[in-house]
Structures are given as structure tokens and as C-alpha cells.
Amino acid sequence: MQKGPEQPRVTLYIILTTAFLSLCFLLSLFSSSHSSSSYTGRPEDLRPDPRLFPSSSKIAADTAPPSIAYLISGSSGDSRRILRLLYATYHPRNRYLLHLDSLATQSERDRIAVAVQDVPIFRAARNVDVIGKPDFAYQRGSSPMASTLHGASILLRLSGAWDWFVNLSVDDYPLVTQDELLHIMSHLPKDLNFVNHTSYIGWKESRRLKPVIVDPGLYLVEKTDMFFASQKRELPKAFKLFSGPSFSILSRNFIEHCVLGTDNFPRTLLMYLSNTPDSLSNYFPTILCNSNIFKKTIINNNLLYLASNDTSKEKYHQLDHKEFTEMVESGAAFARGFRFDDTVLDRIDHELLGRRPGEAVPGGWCLGDSGKNRSSCSVWGDSGILRPGSGSDRLERRIVELLSNDWFRSHQCISE
């Protein structure tokens, strides 16, 4: 039977409608937290240890160090990598949300929650949670964007005290301690957003923006191939598209604007990108640079060391010891491209973080060992006291360079 001329339009309509309804359903879940706390007990036991947050602290509220909310994500078999990344980025002032996607089993999520509960400092600070009902996130499509927004909305609900949001994968690792990072961030305006971005679309136009897809990660529990429609669509004319790597450091004000704000553009863009092959790398840069308020807060650098031969395609190779010096001297706060249990991570732990295996990085809050166990930080004090090392000097030099008047303004939301 010969297909009528309306058949392609009907097919495209069905595709778009299915994806739209799936994304709307997922967004409706943002109103309820799917976080399962790493701790259950009496209500009075849910309060953080007063030794970490003393009411008589000598540090004034307006000069207290900032706080960072971390979403740490992985998949099946990544539990150990998530826990190692949690230890490496841990500080009692921060907030942590651990996410194993739907490819992981529920027993993996249960084990990681139990492992968190077994760490005394995590119990004392009450700042680590595990998502109990996971999202499914492909590396491509719109499900990574939906999963990131879902995690950010949970973190907004869990705590009103954090200042920046960072989305980490198990391929990432810090190059500075949290004391060093928080020390430098305490001297910066809290509305700054560290996001690599460009308006030059180039090859992405035909491969990542014009194709129409349906991401099964939005509505199926098993992994299946994405569906590509034969039709292409035009680029938007109502706003300018910007793109960049998926890693960024975003202010709380901006996250609230995306998740809770009254401006409808974040939701409009969400609908537009819901059927594109690569949504997350376009979502945050486009919102920032199309906002008269937020485009003044963006720094065109995400403080991530990415070993790549072609940054325009966000392809990177795995790091090795040959790049260690270059990586450290870059002044970056994080790096991406590490293998499971990479020996480079051991070197970072030893030389940059001062972290022992199976323990958090010691900071100003760590007062030493009680003598009753092998932990080097079994006694803790005021989390507002920071003890930065040489990593803060490297990071300071990098940020001073980024904030210089000539560089800062000349690289900010420039249309090419």
C-alpha cells in the first residue's frame, strides 16, 4: 500500500508528542524528592554534630566559608568509584547526593547507602544522601539533562545553605582539597558561573541540533537504541544557541532560576532540547547567555582539566602519569579522564590531597586521631575553619587570570 504524503508529518508528530509527554512526566517528579537518606533514626539524631557547626563559632555568619552541592553519578559497577570520589571531595560544609542510574541494581544502591552510614564523619555531618529511585541516563539525548535537573532540584530541597552546584561523574577527580577550593571561592561573588561556552555551532548543527530523536531513557527502564527521525528541524530564531562541555560550576541563584524561577525560558529551552542528541552541553550555556542578568556572571572556563586533542568535540583521552605535571600546573580544580583505580589517582591522593585510602581528605575540621581506631580524622572540630595548602595558590593564580578585565569581558557570551 502506497504511503500518503502526510505520513512523514504524522510520524514526526507522534515522535514529538511521545517525547514531550515523557519529559513532562519526568519534570513532574521534580516536585517530590526521590532521595533516600543515608541515615534513619530519631529526629534529634538527624541534626549535625554541634562540634562541626558550633553555635559559639568565632567565625561570623557573613564571613563563613561557602558550601558546594555535589551530584556524583555513576552506573552499574561504579559503587567503589563513587565512594572514592566522595572521600576525595568531602567536606562537612558541603552537600552530597549520590546517584547510581537504573542500570545498577537496587542492592548496589543499598550497599552504597550502608557504606555511607558506616563512616563516622558522614553520620556526624548528615550531609550525604543516596537517590533511592534512580534516573536512566544515556550519554547522549535529553535524559542526562533531565537527570541533572532532577538531582539539582533534590539538592535544593535537601538544603538551603549551599552556594554552588557541581555535577561529577566517576571519570572526574579533584586536583585541590575542599579546604583549598572553599578558601578561594570564599573570596568570589556567589553569583559567578564557571561554564565553558561558545556560540560557534559548526559541525554540531547537523549532528547534534538539527536531528530529531526520541530518548528512551525518559520512559523505558531497559536500555534500547535511540530512535532517529528522518526529518531535520531548523535552528531557533527566538534565541541564540550556545554550547560547551557538560561539566560546569553553577551558582545556586542560577540553579533556582532553572528549576524554580518564574522566567519561562528555561522550560521553553527544555522542550526544544528534549528531542536533540546532545542537550546537556547546550542547556546551561544557552540560558546563561540569553539572560540579561546571568550573562554578566559567566566565566568562560569551568576549572576542569580535560586532556583532549579536539576540545570542540569534547573528546578526551584517559590521563596518565606523563600529564601529571601539566595537569597540576593548569590550576584546574578538577580533571576528567581517569580509569578505574588508576595509579594516577593514587598519586593525586598522596601528593595533592593528602588522603589515605578509605578516608576523607583531612581539613581544618579534622583534629586528629582519638587513638581508638585507625582513622586519621576520628576527632573533629569547627567545619568553618579552613586549612588551605599549595593547591589554593595554583587555583588563585588561575582565577585571577580568568577575572582580569581584558580576558573576562572579551570571552563572555560572544556571538560568532
# chains A, B, ... in the order shown; residues from 1 in each chain; ligands from 1
>>> select_by_dssp(residues="region 56-167 of chain A", states="helix (DSSP H, G or I)", output="mmCIF file with N, CA and C atoms, in the first residue's frame")
data_model
loop_
_atom_site.group_PDB
_atom_site.id
_atom_site.type_symbol
_atom_site.label_atom_id
_atom_site.label_comp_id
_atom_site.auth_asym_id
_atom_site.auth_seq_id
_atom_site.Cartn_x
_atom_site.Cartn_y
_atom_site.Cartn_z
ATOM 1 N N ALA A 61 28.791 34.818 60.546
ATOM 2 C CA ALA A 61 27.986 34.195 59.500
ATOM 3 C C ALA A 61 28.307 34.765 58.121
ATOM 4 N N ASP A 62 28.566 36.058 58.053
ATOM 5 C CA ASP A 62 28.813 36.681 56.751
ATOM 6 C C ASP A 62 30.216 36.411 56.224
ATOM 7 N N THR A 63 31.097 35.867 57.054
ATOM 8 C CA THR A 63 32.450 35.532 56.607
ATOM 9 C C THR A 63 32.707 34.028 56.613
ATOM 10 N N SER A 79 30.029 1.645 42.201
ATOM 11 C CA SER A 79 29.878 1.992 43.622
ATOM 12 C C SER A 79 31.207 2.402 44.250
ATOM 13 N N ARG A 80 32.242 1.628 44.000
ATOM 14 C CA ARG A 80 33.554 1.932 44.597
ATOM 15 C C ARG A 80 34.103 3.261 44.080
ATOM 16 N N ARG A 81 33.892 3.527 42.800
ATOM 17 C CA ARG A 81 34.384 4.782 42.231
ATOM 18 C C ARG A 81 33.621 5.983 42.812
ATOM 19 N N ILE A 82 32.328 5.825 43.028
ATOM 20 C CA ILE A 82 31.534 6.902 43.628
ATOM 21 C C ILE A 82 32.011 7.179 45.045
ATOM 22 N N LEU A 83 32.241 6.123 45.819
ATOM 23 C CA LEU A 83 32.689 6.308 47.203
ATOM 24 C C LEU A 83 34.070 6.952 47.244
ATOM 25 N N ARG A 84 34.963 6.548 46.346
ATOM 26 C CA ARG A 84 36.303 7.156 46.325
ATOM 27 C C ARG A 84 36.198 8.637 45.978
ATOM 28 N N LEU A 85 35.343 8.982 45.015
ATOM 29 C CA LEU A 85 35.159 10.379 44.635
ATOM 30 C C LEU A 85 34.518 11.169 45.775
ATOM 31 N N LEU A 86 33.614 10.530 46.517
ATOM 32 C CA LEU A 86 33.011 11.172 47.685
ATOM 33 C C LEU A 86 34.078 11.482 48.732
ATOM 34 N N TYR A 87 34.920 10.522 49.051
ATOM 35 C CA TYR A 87 36.009 10.745 50.007
ATOM 36 C C TYR A 87 36.922 11.887 49.546
ATOM 37 N N ALA A 88 37.245 11.910 48.245
ATOM 38 C CA ALA A 88 38.205 12.885 47.723
ATOM 39 C C ALA A 88 37.652 14.303 47.702
ATOM 40 N N THR A 89 36.334 14.447 47.612
ATOM 41 C CA THR A 89 35.711 15.780 47.555
ATOM 42 C C THR A 89 35.018 16.143 48.862
ATOM 43 N N GLN A 106 19.217 -2.482 42.671
ATOM 44 C CA GLN A 106 18.830 -1.862 43.932
ATOM 45 C C GLN A 106 19.773 -2.282 45.051
ATOM 46 N N SER A 107 20.299 -3.487 44.965
ATOM 47 C CA SER A 107 21.239 -3.936 46.005
ATOM 48 C C SER A 107 22.513 -3.099 45.984
ATOM 49 N N GLU A 108 22.951 -2.623 44.794
ATOM 50 C CA GLU A 108 24.109 -1.735 44.720
ATOM 51 C C GLU A 108 23.820 -0.417 45.424
ATOM 52 N N ARG A 109 22.605 0.118 45.208
ATOM 53 C CA ARG A 109 22.243 1.366 45.887
ATOM 54 C C ARG A 109 22.146 1.161 47.390
ATOM 55 N N ASP A 110 21.610 0.006 47.799
ATOM 56 C CA ASP A 110 21.507 -0.275 49.234
ATOM 57 C C ASP A 110 22.895 -0.393 49.861
ATOM 58 N N ARG A 111 23.810 -1.040 49.160
ATOM 59 C CA ARG A 111 25.161 -1.216 49.696
ATOM 60 C C ARG A 111 25.884 0.118 49.830
ATOM 61 N N ILE A 112 25.698 0.996 48.847
ATOM 62 C CA ILE A 112 26.396 2.283 48.935
ATOM 63 C C ILE A 112 25.806 3.129 50.055
ATOM 64 N N ALA A 113 24.486 3.006 50.306
ATOM 65 C CA ALA A 113 23.871 3.733 51.417
ATOM 66 C C ALA A 113 24.392 3.210 52.754
ATOM 67 N N VAL A 114 24.548 1.886 52.854
ATOM 68 C CA VAL A 114 25.082 1.289 54.085
ATOM 69 C C VAL A 114 26.537 1.705 54.282
ATOM 70 N N ALA A 115 27.295 1.743 53.187
ATOM 71 C CA ALA A 115 28.702 2.145 53.283
ATOM 72 C C ALA A 115 28.826 3.580 53.777
ATOM 73 N N VAL A 116 27.952 4.462 53.316
ATOM 74 C CA VAL A 116 27.959 5.852 53.782
ATOM 75 C C VAL A 116 27.616 5.920 55.263
ATOM 76 N N GLN A 117 26.643 5.129 55.668
ATOM 77 C CA GLN A 117 26.216 5.132 57.062
ATOM 78 C C GLN A 117 27.309 4.649 58.004
ATOM 79 N N PRO A 120 31.921 7.473 60.210
ATOM 80 C CA PRO A 120 31.530 8.354 61.320
ATOM 81 C C PRO A 120 31.349 9.817 60.935
ATOM 82 N N ILE A 121 32.248 10.371 60.111
ATOM 83 C CA ILE A 121 32.139 11.795 59.787
ATOM 84 C C ILE A 121 30.919 12.068 58.916
ATOM 85 N N PHE A 122 30.543 11.097 58.051
ATOM 86 C CA PHE A 122 29.337 11.275 57.245
ATOM 87 C C PHE A 122 28.101 11.287 58.142
ATOM 88 N N ARG A 123 28.094 10.398 59.135
ATOM 89 C CA ARG A 123 26.962 10.361 60.083
ATOM 90 C C ARG A 123 26.910 11.641 60.893
ATOM 91 N N ALA A 124 28.081 12.135 61.271
ATOM 92 C CA ALA A 124 28.130 13.318 62.132
ATOM 93 C C ALA A 124 27.638 14.568 61.394
ATOM 94 N N ALA A 125 28.020 14.730 60.131
ATOM 95 C CA ALA A 125 27.661 15.935 59.376
ATOM 96 C C ALA A 125 26.278 15.840 58.751
ATOM 97 N N SER A 143 18.003 12.632 28.393
ATOM 98 C CA SER A 143 17.947 12.072 29.745
ATOM 99 C C SER A 143 19.081 12.557 30.645
ATOM 100 N N PRO A 144 20.324 12.817 30.158
ATOM 101 C CA PRO A 144 21.336 13.402 31.054
ATOM 102 C C PRO A 144 20.933 14.774 31.579
ATOM 103 N N MET A 145 20.291 15.576 30.737
ATOM 104 C CA MET A 145 19.828 16.890 31.172
ATOM 105 C C MET A 145 18.733 16.755 32.230
ATOM 106 N N ALA A 146 17.789 15.851 31.977
ATOM 107 C CA ALA A 146 16.710 15.642 32.943
ATOM 108 C C ALA A 146 17.237 15.103 34.265
ATOM 109 N N SER A 147 18.220 14.190 34.197
ATOM 110 C CA SER A 147 18.795 13.619 35.411
ATOM 111 C C SER A 147 19.543 14.679 36.219
ATOM 112 N N THR A 148 20.273 15.565 35.535
ATOM 113 C CA THR A 148 20.997 16.633 36.222
ATOM 114 C C THR A 148 20.045 17.595 36.906
ATOM 115 N N LEU A 149 18.983 17.990 36.216
ATOM 116 C CA LEU A 149 17.995 18.898 36.809
ATOM 117 C C LEU A 149 17.262 18.231 37.965
ATOM 118 N N HIS A 150 17.025 16.942 37.831
ATOM 119 C CA HIS A 150 16.384 16.196 38.917
ATOM 120 C C HIS A 150 17.261 16.212 40.169
ATOM 121 N N GLY A 151 18.557 15.917 39.982
ATOM 122 C CA GLY A 151 19.474 15.937 41.119
ATOM 123 C C GLY A 151 19.592 17.319 41.731
ATOM 124 N N ALA A 152 19.642 18.353 40.892
ATOM 125 C CA ALA A 152 19.744 19.721 41.402
ATOM 126 C C ALA A 152 18.504 20.100 42.203
ATOM 127 N N SER A 153 17.332 19.669 41.735
ATOM 128 C CA SER A 153 16.099 20.001 42.457
ATOM 129 C C SER A 153 16.047 19.310 43.815
ATOM 130 N N ILE A 154 16.575 18.084 43.889
ATOM 131 C CA ILE A 154 16.624 17.382 45.180
ATOM 132 C C ILE A 154 17.564 18.105 46.136
ATOM 133 N N LEU A 155 18.701 18.523 45.636
ATOM 134 C CA LEU A 155 19.664 19.241 46.479
ATOM 135 C C LEU A 155 19.104 20.566 46.965
ATOM 136 N N LEU A 156 18.308 21.244 46.143
ATOM 137 C CA LEU A 156 17.647 22.469 46.584
ATOM 138 C C LEU A 156 16.690 22.185 47.732
ATOM 139 N N ARG A 157 16.018 21.053 47.645
ATOM 140 C CA ARG A 157 15.063 20.702 48.691
ATOM 141 C C ARG A 157 15.763 20.227 49.968
ATOM 142 N N LEU A 158 16.883 19.538 49.803
ATOM 143 C CA LEU A 158 17.572 18.993 50.969
ATOM 144 C C LEU A 158 18.198 20.076 51.835
#
>>> residues_around(residues="Ile68 (chain A)", least_positions_apart="2", cutoff="7 Å", atoms="only C-alpha atoms", output="list in words")
Pro66, Tyr70, Asn94, Arg95, Trp162, Asp163, Trp164 and Phe165 of chain A
>>> residues_around(residues="region 345-350 of chain A", least_positions_apart="5", cutoff="8 Å", atoms="only C-alpha atoms", output="list in words")
Ala88, Tyr173, Leu175, Phe338, Arg355 and Arg356 of chain A
>>> write_last_selection(atoms="all heavy atoms", output="PDB file, in the first residue's frame")
ATOM      1  N   ALA A  88      37.245  11.910  48.245  1.00  0.00           N
ATOM      2  CA  ALA A  88      38.205  12.885  47.723  1.00  0.00           C
ATOM      3  C   ALA A  88      37.652  14.303  47.702  1.00  0.00           C
ATOM      4  O   ALA A  88      38.418  15.269  47.755  1.00  0.00           O
ATOM      5  CB  ALA A  88      38.645  12.486  46.314  1.00  0.00           C
ATOM      6  N   TYR A 173      37.895  13.760  39.034  1.00  0.00           N
ATOM      7  CA  TYR A 173      38.603  13.701  40.313  1.00  0.00           C
ATOM      8  C   TYR A 173      39.136  15.095  40.635  1.00  0.00           C
ATOM      9  O   TYR A 173      39.523  15.849  39.730  1.00  0.00           O
ATOM     10  CB  TYR A 173      39.764  12.708  40.243  1.00  0.00           C
ATOM     11  CG  TYR A 173      40.038  12.007  41.554  1.00  0.00           C
ATOM     12  CD1 TYR A 173      39.143  11.066  42.054  1.00  0.00           C
ATOM     13  CD2 TYR A 173      41.202  12.266  42.281  1.00  0.00           C
ATOM     14  CE1 TYR A 173      39.392  10.412  43.257  1.00  0.00           C
ATOM     15  CE2 TYR A 173      41.464  11.611  43.472  1.00  0.00           C
ATOM     16  CZ  TYR A 173      40.550  10.693  43.963  1.00  0.00           C
ATOM     17  OH  TYR A 173      40.804  10.047  45.146  1.00  0.00           O
ATOM     18  N   LEU A 175      41.652  18.093  41.973  1.00  0.00           N
ATOM     19  CA  LEU A 175      43.085  18.352  41.984  1.00  0.00           C
ATOM     20  C   LEU A 175      43.479  19.254  43.139  1.00  0.00           C
ATOM     21  O   LEU A 175      44.668  19.545  43.322  1.00  0.00           O
ATOM     22  CB  LEU A 175      43.523  19.007  40.659  1.00  0.00           C
ATOM     23  CG  LEU A 175      43.244  18.202  39.395  1.00  0.00           C
ATOM     24  CD1 LEU A 175      43.699  18.976  38.160  1.00  0.00           C
ATOM     25  CD2 LEU A 175      43.924  16.839  39.440  1.00  0.00           C
ATOM     26  N   PHE A 338      39.876   9.633  33.973  1.00  0.00           N
ATOM     27  CA  PHE A 338      40.591   8.650  34.782  1.00  0.00           C
ATOM     28  C   PHE A 338      39.964   7.269  34.657  1.00  0.00           C
ATOM     29  O   PHE A 338      38.742   7.127  34.611  1.00  0.00           O
ATOM     30  CB  PHE A 338      40.586   9.072  36.257  1.00  0.00           C
ATOM     31  CG  PHE A 338      41.319  10.354  36.517  1.00  0.00           C
ATOM     32  CD1 PHE A 338      40.625  11.536  36.739  1.00  0.00           C
ATOM     33  CD2 PHE A 338      42.701  10.388  36.522  1.00  0.00           C
ATOM     34  CE1 PHE A 338      41.286  12.724  36.988  1.00  0.00           C
ATOM     35  CE2 PHE A 338      43.380  11.572  36.768  1.00  0.00           C
ATOM     36  CZ  PHE A 338      42.676  12.734  36.997  1.00  0.00           C
ATOM     37  N   ARG A 355      45.381  12.404  51.130  1.00  0.00           N
ATOM     38  CA  ARG A 355      44.295  11.496  51.533  1.00  0.00           C
ATOM     39  C   ARG A 355      44.792  10.066  51.638  1.00  0.00           C
ATOM     40  O   ARG A 355      45.494   9.578  50.751  1.00  0.00           O
ATOM     41  CB  ARG A 355      43.160  11.558  50.516  1.00  0.00           C
ATOM     42  CG  ARG A 355      41.896  10.829  50.959  1.00  0.00           C
ATOM     43  CD  ARG A 355      40.839  10.842  49.873  1.00  0.00           C
ATOM     44  NE  ARG A 355      41.113   9.850  48.833  1.00  0.00           N
ATOM     45  CZ  ARG A 355      40.710   8.578  48.903  1.00  0.00           C
ATOM     46  NH1 ARG A 355      40.043   8.140  49.965  1.00  0.00           N
ATOM     47  NH2 ARG A 355      40.991   7.746  47.919  1.00  0.00           N
ATOM     48  N   ARG A 356      44.420   9.402  52.720  1.00  0.00           N
ATOM     49  CA  ARG A 356      44.722   7.996  52.891  1.00  0.00           C
ATOM     50  C   ARG A 356      43.595   7.151  52.326  1.00  0.00           C
ATOM     51  O   ARG A 356      42.454   7.591  52.274  1.00  0.00           O
ATOM     52  CB  ARG A 356      44.920   7.685  54.381  1.00  0.00           C
ATOM     53  CG  ARG A 356      46.187   8.294  54.949  1.00  0.00           C
ATOM     54  CD  ARG A 356      46.213   8.274  56.467  1.00  0.00           C
ATOM     55  NE  ARG A 356      45.908   6.968  57.044  1.00  0.00           N
ATOM     56  CZ  ARG A 356      45.984   6.703  58.351  1.00  0.00           C
ATOM     57  NH1 ARG A 356      46.364   7.659  59.201  1.00  0.00           N
ATOM     58  NH2 ARG A 356      45.699   5.513  58.806  1.00  0.00           N
TER      59      ARG A 356
END
>>> select_by_dssp(residues="region 70-296 of chain A", states="strand (DSSP E or B)", output="JSON, numbers by chain")
{"A": [70, 71, 72, 73, 74, 95, 96, 97, 98, 99, 100, 128, 129, 130, 131, 141, 164, 165, 166, 167, 168, 169, 172, 173, 174, 193, 194, 198, 211, 212, 213, 214, 227, 228, 229, 230, 231, 232, 243, 249, 250, 251, 278]}
>>> residues_around(residues="Pro236 (chain A)", least_positions_apart="2", cutoff="10 Å", atoms="only C-alpha atoms", output="VMD selection string")
chain A and resid 209 233 to 234 238 to 241 269 272
>>> residues_around(residues="Arg336 (chain A)", least_positions_apart="5", cutoff="6 Å", atoms="only C-alpha atoms", output="ChimeraX atom specification")
/A:171-172,306
>>> write_last_selection(atoms="N, CA, C and O atoms", output="mmCIF file, in the first residue's frame")
data_model
loop_
_atom_site.group_PDB
_atom_site.id
_atom_site.type_symbol
_atom_site.label_atom_id
_atom_site.label_comp_id
_atom_site.auth_asym_id
_atom_site.auth_seq_id
_atom_site.Cartn_x
_atom_site.Cartn_y
_atom_site.Cartn_z
ATOM 1 N N ASP A 171 34.365 9.551 36.141
ATOM 2 C CA ASP A 171 35.604 9.818 35.407
ATOM 3 C C ASP A 171 36.331 11.049 35.932
ATOM 4 O O ASP A 171 37.441 11.348 35.487
ATOM 5 N N ASP A 172 35.710 11.780 36.861
ATOM 6 C CA ASP A 172 36.263 13.035 37.374
ATOM 7 C C ASP A 172 36.994 12.810 38.696
ATOM 8 O O ASP A 172 36.738 11.835 39.413
ATOM 9 N N LEU A 306 40.932 18.935 31.013
ATOM 10 C CA LEU A 306 40.425 17.916 30.106
ATOM 11 C C LEU A 306 41.523 17.597 29.108
ATOM 12 O O LEU A 306 41.894 18.449 28.287
#
>>> residues_around(residues="Pro388 (chain A)", least_positions_apart="2", cutoff="9 Å", atoms="only C-alpha atoms", output="ChimeraX atom specification")
/A:177-183,363-364,386,390-393
>>> atom_distance(atom1="CA of Pro362 (chain A)", atom2="CA of Asp382 (chain A)")
12.9 Å
>>> atom_distance(atom1="CA of Asp118 (chain A)", atom2="CA of His99 (chain A)")
18.2 Å
>>> atom_distance(atom1="CA of Pro134 (chain A)", atom2="CA of Ser102 (chain A)")
5.4 Å
